[in-house]
Amino acid sequence: MKKNLLIITLSLITLFINAQQVKITSAQTYIDLYLQKEGDQNLEKAKSEIDEAVLHEKTVAMAKAWFVKGQVYQLITESKELAPKYATVNILDEAYDAYKKAITLNDIRFRDQEATFTYLKSVCSYINNRGVDQYQANKFAEAYQSFIKLEDANTFFETNKQKFHLDLSSIRSNAGLCAQKAGMTKEAITLYEGIISKGSEDAGLYATLANMYVKEGRAEESKKLVDDAVTKFPSNVNLRITQLNFYISEGKYVEAIDKINKTIELDPKNDQLYVAAALAYDKMKDVTKCREMYLKATELNDNNLNAWNNLGGTYIEEANGYILQINALGNTKEDIAKSNELDAKKIAAYKNAKPFIEKALSLKPDDADLKRIMMKIKANLDN
């Protein structure tokens, strides 16, 4: 009697296991019906069946269950009718995780491993496209997460000795850009450092990372990175300008001028280089060369607002110097004569400044500072 009872018990367990396996088969059948254009309800039925199977203790370790779940969830993401219905569920990521699970279980009964990698690649392509869409919608944090998942995918493929089909350098650059725009500075820096450490040929990336270092208070690291980048990309003008800014900020004006002149040789038509040179000469108190550089910049680019504004500013500063000298004089006959002489020079300086400030104001008519300066010039010239 006890023997018969044991047989009955074992039969019930077998039937229960088979019942869960039937759900996997049933889900696959519903997938086939859906693909045969038999209606969206079949895909939803497939989802219901497989969701139960991958949670049950008797089938949770079956790779086939996770493979089928990946198929179901991938098909949902591809359905214009069903995808919106499951918008609150991260269907695409569920498909990604399901395919990975099917592979990592190492289920000897599973015969679709190669197909799983193929499907996983297609899901990764969808995730990449999703990241692009999220970026274009200004959802930078979400886009970052999408691109970072592809970094995980690449690691997974490498671990399983499979070739990843997407450009990893572009993925990391995109992830870094999204992190940067989302205010995730540390994450962006880590990604950019990783790209550069692998010998990136993107010169702009070095400049971007250098600027981020500065904002993080890592000036020395920024300077070293820029110096290395200039050595690597000697003809890149933007990197050289960034390098110049370090020399100017450190008060190394002679060295800065030398660097600027060499950079101008590389790109003699770049008006911004002459503005940079003018700033260095201004710091050296060489007003004549400063003005010469600003004028050269305006000759190359008539719309260079900074050049026109700063050129006028040199004459405003000259006038301010005369005013300080006048204010320091006393009331003697000699002082009064000196005051009149300085006042004439002040007026001449304002006259020289006027056309340059007028030009700057024509380029930016609503600028409050330029309007204020022009009022000051007119007030002094009208007296």
# chains A, B, ... in the order shown; residues from 1 in each chain; ligands from 1
>>> closest_atom_pairs(of="region 286-320 of chain A", to="region 347-351 of chain A", cutoff="12 Å", atoms="only C-alpha atoms", output="JSON lines")
{"residue": "A:Leu311", "atom": "CA", "partner": "A:Ala349", "partner_atom": "CA", "distance": 11.7}
{"residue": "A:Gly312", "atom": "CA", "partner": "A:Tyr350", "partner_atom": "CA", "distance": 8.7}
{"residue": "A:Gly313", "atom": "CA", "partner": "A:Tyr350", "partner_atom": "CA", "distance": 9.8}
{"residue": "A:Thr314", "atom": "CA", "partner": "A:Ala349", "partner_atom": "CA", "distance": 9.0}
{"residue": "A:Tyr315", "atom": "CA", "partner": "A:Ala349", "partner_atom": "CA", "distance": 5.3}
{"residue": "A:Ile316", "atom": "CA", "partner": "A:Tyr350", "partner_atom": "CA", "distance": 6.4}
{"residue": "A:Glu317", "atom": "CA", "partner": "A:Ala349", "partner_atom": "CA", "distance": 8.8}
{"residue": "A:Glu318", "atom": "CA", "partner": "A:Ala349", "partner_atom": "CA", "distance": 6.5}
{"residue": "A:Ala319", "atom": "CA", "partner": "A:Ala349", "partner_atom": "CA", "distance": 5.5}
{"residue": "A:Asn320", "atom": "CA", "partner": "A:Ala349", "partner_atom": "CA", "distance": 9.3}
>>> residues_around(residues="Lys232 (chain A)", least_positions_apart="5", cutoff="12 Å", atoms="only C-alpha atoms", output="VMD selection string")
chain A and resid 196 199 to 203 206 225 to 227 239 to 240
>>> closest_residue(among="A:Ala143, A:Leu168, A:Ala368, A:Ala276", to="Lys181 (chain A)", atoms="only C-alpha atoms")
A:Ala143
>>> atom_distance(atom1="CA of Ser362 (chain A)", atom2="CA of Asn270 (chain A)")
22.3 Å
>>> select_by_dssp(residues="region 152-203 of chain A", states="alpha helix (DSSP H)", output="PyMOL selection string")
chain A and resi 152-159+168-181+185-197+203
>>> write_last_selection(atoms="N, CA and C atoms", output="short mmCIF file (atom, residue, chain, number, x, y, z; two decimals), in the first residue's frame")
data_model
loop_
_atom_site.label_atom_id
_atom_site.label_comp_id
_atom_site.auth_asym_id
_atom_site.auth_seq_id
_atom_site.Cartn_x
_atom_site.Cartn_y
_atom_site.Cartn_z
N ASP A 152 27.57 47.03 -20.80
CA ASP A 152 27.38 45.74 -20.12
C ASP A 152 27.25 44.62 -21.15
N ALA A 153 26.53 44.91 -22.24
CA ALA A 153 26.33 43.90 -23.28
C ALA A 153 27.66 43.51 -23.92
N ASN A 154 28.50 44.49 -24.17
CA ASN A 154 29.81 44.19 -24.77
C ASN A 154 30.63 43.28 -23.86
N THR A 155 30.61 43.58 -22.56
CA THR A 155 31.33 42.73 -21.59
C THR A 155 30.78 41.31 -21.62
N PHE A 156 29.47 41.20 -21.71
CA PHE A 156 28.82 39.88 -21.73
C PHE A 156 29.24 39.09 -22.98
N PHE A 157 29.26 39.78 -24.12
CA PHE A 157 29.65 39.10 -25.36
C PHE A 157 31.11 38.67 -25.29
N GLU A 158 31.97 39.54 -24.77
CA GLU A 158 33.39 39.20 -24.66
C GLU A 158 33.59 37.99 -23.74
N THR A 159 32.87 37.97 -22.62
CA THR A 159 32.97 36.87 -21.67
C THR A 159 32.60 35.54 -22.33
N LEU A 168 31.74 50.25 -30.05
CA LEU A 168 31.83 50.53 -28.62
C LEU A 168 32.33 51.94 -28.34
N SER A 169 33.24 52.44 -29.17
CA SER A 169 33.76 53.80 -28.98
C SER A 169 32.64 54.83 -29.08
N SER A 170 31.77 54.66 -30.07
CA SER A 170 30.63 55.58 -30.24
C SER A 170 29.66 55.48 -29.07
N ILE A 171 29.45 54.25 -28.61
CA ILE A 171 28.54 54.03 -27.48
C ILE A 171 29.05 54.74 -26.24
N ARG A 172 30.36 54.62 -25.99
CA ARG A 172 30.94 55.27 -24.81
C ARG A 172 30.92 56.78 -24.94
N SER A 173 31.17 57.27 -26.14
CA SER A 173 31.12 58.71 -26.37
C SER A 173 29.70 59.23 -26.15
N ASN A 174 28.73 58.49 -26.66
CA ASN A 174 27.33 58.89 -26.47
C ASN A 174 26.94 58.87 -25.00
N ALA A 175 27.38 57.83 -24.30
CA ALA A 175 27.08 57.73 -22.87
C ALA A 175 27.71 58.89 -22.12
N GLY A 176 28.95 59.22 -22.47
CA GLY A 176 29.64 60.33 -21.82
C GLY A 176 28.94 61.65 -22.08
N LEU A 177 28.53 61.87 -23.32
CA LEU A 177 27.83 63.11 -23.67
C LEU A 177 26.52 63.23 -22.91
N CYS A 178 25.79 62.12 -22.84
CA CYS A 178 24.51 62.13 -22.10
C CYS A 178 24.72 62.39 -20.62
N ALA A 179 25.74 61.74 -20.05
CA ALA A 179 26.06 61.96 -18.64
C ALA A 179 26.43 63.41 -18.40
N GLN A 180 27.22 63.96 -19.31
CA GLN A 180 27.64 65.36 -19.20
C GLN A 180 26.44 66.30 -19.21
N LYS A 181 25.52 66.07 -20.15
CA LYS A 181 24.33 66.92 -20.28
C LYS A 181 23.35 66.71 -19.13
N THR A 185 28.66 64.52 -13.87
CA THR A 185 30.04 64.86 -14.25
C THR A 185 31.01 63.71 -14.01
N LYS A 186 30.96 63.10 -12.86
CA LYS A 186 31.90 62.02 -12.53
C LYS A 186 31.76 60.86 -13.51
N GLU A 187 30.52 60.52 -13.84
CA GLU A 187 30.29 59.42 -14.78
C GLU A 187 30.84 59.77 -16.16
N ALA A 188 30.63 61.03 -16.57
CA ALA A 188 31.12 61.47 -17.88
C ALA A 188 32.65 61.43 -17.93
N ILE A 189 33.28 61.92 -16.88
CA ILE A 189 34.74 61.93 -16.82
C ILE A 189 35.29 60.51 -16.91
N THR A 190 34.70 59.60 -16.16
CA THR A 190 35.16 58.21 -16.17
C THR A 190 35.08 57.62 -17.57
N LEU A 191 33.98 57.90 -18.26
CA LEU A 191 33.81 57.37 -19.61
C LEU A 191 34.82 57.98 -20.58
N TYR A 192 34.99 59.30 -20.52
CA TYR A 192 35.93 59.97 -21.42
C TYR A 192 37.37 59.51 -21.15
N GLU A 193 37.70 59.33 -19.88
CA GLU A 193 39.04 58.84 -19.54
C GLU A 193 39.27 57.45 -20.14
N GLY A 194 38.24 56.62 -20.08
CA GLY A 194 38.34 55.28 -20.63
C GLY A 194 38.56 55.29 -22.14
N ILE A 195 37.86 56.18 -22.82
CA ILE A 195 38.00 56.28 -24.28
C ILE A 195 39.40 56.75 -24.64
N ILE A 196 39.87 57.79 -23.95
CA ILE A 196 41.18 58.36 -24.25
C ILE A 196 42.30 57.38 -23.93
N SER A 197 42.13 56.60 -22.87
CA SER A 197 43.16 55.64 -22.48
C SER A 197 43.37 54.57 -23.54
N ALA A 203 40.15 64.47 -31.25
CA ALA A 203 40.86 65.57 -30.58
C ALA A 203 39.91 66.40 -29.71
#
>>> atom_distance(atom1="CA of Lys101 (chain A)", atom2="CA of Leu33 (chain A)")
25.1 Å
>>> residues_around(residues="Trp66 (chain A)", least_positions_apart="4", cutoff="10 Å", atoms="only C-alpha atoms", output="list in words")
Ile24, Ile50, Asp51, Ala53, Val54, Thr59, Val60, Ala61, Met62, Gly70, Gln71, Val72, Ala95, Asp97, Ala98, Tyr99, Lys100, Lys101, Ala102, Ile103, Leu105 and Thr116 of chain A
>>> closest_residue(among="A:Lys45, A:Arg109, A:Lys223, A:Lys80", to="Ala65 (chain A)", atoms="only C-alpha atoms")
A:Arg109
>>> residues_around(residues="region 296-307 of chain A", least_positions_apart="2", cutoff="7 Å", atoms="only C-alpha atoms", output="ChimeraX atom specification")
/A:269,271-272,274-275,292-294,309-311,360,363
>>> atom_distance(atom1="CA of Val287 (chain A)", atom2="CA of Lys345 (chain A)")
15.8 Å
